Amino acid sequence: MPKVRHYADIVAILAGFMWLVLYWSVSISAHLGSIEPSLAALLMVGSLILISFVHRPIRVLLGRYHVRKRRTEMWMHILALPLTLAFLLAIVIDHLITPMNGEQKMLLFNALATAGWLVFVVTLLVKLLCHLVQQKRKAKR
């Protein structure tokens, strides 16, 4: 597997983790009634985004096709699918069990986004293991 794909996997995993930290900080802020956790997470995310746009080697690396492809896959796992599922589950829970407030809905989204990120990481690890097994089989021939 080329190095750029390893970099793409690492960048996508770290980017997903960074956004999860931001999502969870919003839930923590809502629970505590204070904006400090969200501000700290926003400062971290903003700093990392600024560094990635200003530092030329990182900007070139992030512009590559494999990195963009992996980051798109990551966004599907931590944003698109969890938002849809959280919306549908919140409607079902709201009507069948009990009304949910905004904090509980955000917590539901965070749990689904975290599960999606873990699925993404496990998928990348399985792909890496399959590729390593294929390389060993080719080397034995």
# chains A, B, ... in the order shown; residues from 1 in each chain; ligands from 1
>>> closest_atom_pairs(of="region 50-140 of chain A", to="region 8-12 of chain A", cutoff="7 Å", atoms="only C-alpha atoms", output="tab-separated table")
residue	atom	partner	partner_atom	distance
A:His66	CA	A:Ala8	CA	5.9
A:Val67	CA	A:Ala8	CA	4.2
A:Arg70	CA	A:Ala12	CA	5.8
A:Arg71	CA	A:Ala12	CA	4.9
A:Met74	CA	A:Ala12	CA	6.2
>>> write_last_selection(atoms="C-alpha atoms", output="compact mmCIF listing (two decimals), in the first residue's frame")
# COMPACT_ATOMS: atom_id res chain seq x y z
CA HIS A 66 -6.57 9.60 -1.50
CA VAL A 67 -6.75 11.99 1.45
CA ARG A 70 -10.76 9.04 2.89
CA ARG A 71 -11.97 12.27 4.48
CA MET A 74 -15.03 9.68 7.25
>>> closest_residue(among="A:Ser27, A:Thr98, A:Ser52, A:Ser47", to="Ala111 (chain A)", atoms="only C-alpha atoms")
A:Ser27
>>> closest_atom_pairs(of="region 16-92 of chain A", to="region 114-131 of chain A", cutoff="9 Å", atoms="only C-alpha atoms", output="tab-separated table")
residue	atom	partner	partner_atom	distance
A:Gly16	CA	A:Trp117	CA	6.7
A:Phe17	CA	A:Trp117	CA	7.7
A:Leu20	CA	A:Thr114	CA	6.8
A:Glu73	CA	A:Phe120	CA	8.0
A:Met74	CA	A:Phe120	CA	6.6
A:Trp75	CA	A:Trp117	CA	8.9
A:Met76	CA	A:Gly116	CA	8.5
A:His77	CA	A:Gly116	CA	4.8
A:Ile78	CA	A:Gly116	CA	5.3
A:Leu79	CA	A:Gly116	CA	8.5
A:Leu81	CA	A:Gly116	CA	7.8
A:Pro82	CA	A:Gly116	CA	7.1
>>> closest_residue(among="A:Tyr7, A:Lys140, A:Trp19, A:Ile49", to="Lys69 (chain A)", atoms="only C-alpha atoms")
A:Tyr7
>>> atom_distance(atom1="CA of Ala86 (chain A)", atom2="CA of Met18 (chain A)")
20.2 Å
>>> residues_around(residues="region 33-42 of chain A", least_positions_apart="5", cutoff="6 Å", atoms="only C-alpha atoms", output="number ranges by chain")
A: 22, 25-26
>>> atom_distance(atom1="CA of Arg68 (chain A)", atom2="CA of Leu132 (chain A)")
23.0 Å
>>> atom_distance(atom1="CA of Phe87 (chain A)", atom2="CA of Phe109 (chain A)")
8.2 Å
>>> closest_residue(among="A:Leu89, A:Val45, A:Ala139, A:Leu50", to="Tyr23 (chain A)", atoms="only C-alpha atoms")
A:Val45
>>> decode(residues="region 93-119 of chain A", atoms="N, CA, C and O atoms", output="CSV table (one decimal), in the first residue's frame")
chain,number,residue,atom,x,y,z
A,93,ILE,N,-38.4,7.6,19.3
A,93,ILE,CA,-38.4,7.7,20.8
A,93,ILE,C,-39.4,8.7,21.3
A,93,ILE,O,-40.0,8.5,22.3
A,94,ASP,N,-39.4,9.8,20.6
A,94,ASP,CA,-40.3,10.9,21.0
A,94,ASP,C,-41.8,10.5,21.0
A,94,ASP,O,-42.5,10.8,21.9
A,95,HIS,N,-42.2,9.7,20.0
A,95,HIS,CA,-43.6,9.3,19.9
A,95,HIS,C,-43.9,8.0,20.7
A,95,HIS,O,-45.0,7.9,21.2
A,96,LEU,N,-43.0,7.1,20.8
A,96,LEU,CA,-43.3,5.8,21.4
A,96,LEU,C,-42.9,5.8,22.9
A,96,LEU,O,-43.6,5.1,23.7
A,97,ILE,N,-41.8,6.4,23.3
A,97,ILE,CA,-41.4,6.3,24.7
A,97,ILE,C,-41.6,7.5,25.5
A,97,ILE,O,-42.4,7.6,26.4
A,98,THR,N,-40.8,8.6,25.2
A,98,THR,CA,-40.9,9.8,26.0
A,98,THR,C,-40.4,11.0,25.1
A,98,THR,O,-39.5,10.8,24.3
A,99,PRO,N,-40.9,12.2,25.4
A,99,PRO,CA,-40.3,13.3,24.7
A,99,PRO,C,-38.9,13.5,25.0
A,99,PRO,O,-38.4,13.3,26.2
A,100,MET,N,-38.1,14.0,24.0
A,100,MET,CA,-36.7,14.2,24.2
A,100,MET,C,-36.4,15.7,24.1
A,100,MET,O,-37.0,16.4,23.2
A,101,ASN,N,-35.5,16.2,25.0
A,101,ASN,CA,-35.1,17.6,24.8
A,101,ASN,C,-33.9,17.7,23.9
A,101,ASN,O,-33.4,16.7,23.4
A,102,GLY,N,-33.5,18.9,23.6
A,102,GLY,CA,-32.3,19.1,22.7
A,102,GLY,C,-31.0,18.5,23.1
A,102,GLY,O,-30.3,17.9,22.3
A,103,GLU,N,-30.8,18.5,24.5
A,103,GLU,CA,-29.6,17.9,25.0
A,103,GLU,C,-29.6,16.4,24.8
A,103,GLU,O,-28.5,15.8,24.4
A,104,GLN,N,-30.7,15.8,25.0
A,104,GLN,CA,-30.8,14.3,24.8
A,104,GLN,C,-30.6,14.0,23.3
A,104,GLN,O,-30.0,13.0,22.9
A,105,LYS,N,-31.2,14.8,22.4
A,105,LYS,CA,-31.0,14.5,21.0
A,105,LYS,C,-29.6,14.7,20.5
A,105,LYS,O,-29.1,13.9,19.7
A,106,MET,N,-28.9,15.7,21.1
A,106,MET,CA,-27.5,15.9,20.8
A,106,MET,C,-26.7,14.7,21.3
A,106,MET,O,-25.7,14.3,20.6
A,107,LEU,N,-27.0,14.2,22.5
A,107,LEU,CA,-26.3,13.1,23.0
A,107,LEU,C,-26.5,11.8,22.2
A,107,LEU,O,-25.6,11.0,21.9
A,108,LEU,N,-27.7,11.7,21.6
A,108,LEU,CA,-28.0,10.6,20.7
A,108,LEU,C,-27.2,10.7,19.5
A,108,LEU,O,-26.6,9.7,19.0
A,109,PHE,N,-27.1,11.9,18.9
A,109,PHE,CA,-26.3,12.1,17.7
A,109,PHE,C,-24.8,11.8,18.0
A,109,PHE,O,-24.1,11.2,17.2
A,110,ASN,N,-24.3,12.3,19.2
A,110,ASN,CA,-22.9,12.0,19.5
A,110,ASN,C,-22.6,10.6,19.7
A,110,ASN,O,-21.5,10.1,19.2
A,111,ALA,N,-23.5,9.8,20.3
A,111,ALA,CA,-23.3,8.4,20.4
A,111,ALA,C,-23.2,7.7,19.1
A,111,ALA,O,-22.4,6.9,18.8
A,112,LEU,N,-24.1,8.1,18.2
A,112,LEU,CA,-24.1,7.5,16.8
A,112,LEU,C,-22.9,7.9,16.0
A,112,LEU,O,-22.4,7.1,15.3
A,113,ALA,N,-22.5,9.2,16.2
A,113,ALA,CA,-21.3,9.6,15.4
A,113,ALA,C,-20.1,8.9,15.9
A,113,ALA,O,-19.2,8.6,15.1
A,114,THR,N,-20.0,8.7,17.2
A,114,THR,CA,-18.8,8.0,17.8
A,114,THR,C,-18.8,6.5,17.3
A,114,THR,O,-17.8,6.0,16.9
A,115,ALA,N,-20.0,5.9,17.3
A,115,ALA,CA,-20.1,4.5,16.7
A,115,ALA,C,-19.7,4.5,15.3
A,115,ALA,O,-19.0,3.6,14.8
A,116,GLY,N,-20.1,5.5,14.5
A,116,GLY,CA,-19.8,5.6,13.1
A,116,GLY,C,-18.3,5.7,12.9
A,116,GLY,O,-17.7,5.1,12.0
A,117,TRP,N,-17.6,6.6,13.7
A,117,TRP,CA,-16.2,6.8,13.7
A,117,TRP,C,-15.5,5.5,14.0
A,117,TRP,O,-14.5,5.1,13.3
A,118,LEU,N,-15.9,4.8,15.0
A,118,LEU,CA,-15.3,3.5,15.3
A,118,LEU,C,-15.4,2.5,14.2
A,118,LEU,O,-14.5,1.7,13.9
A,119,VAL,N,-16.6,2.4,13.6
A,119,VAL,CA,-16.8,1.6,12.4
A,119,VAL,C,-15.8,1.9,11.3
A,119,VAL,O,-15.2,1.1,10.7
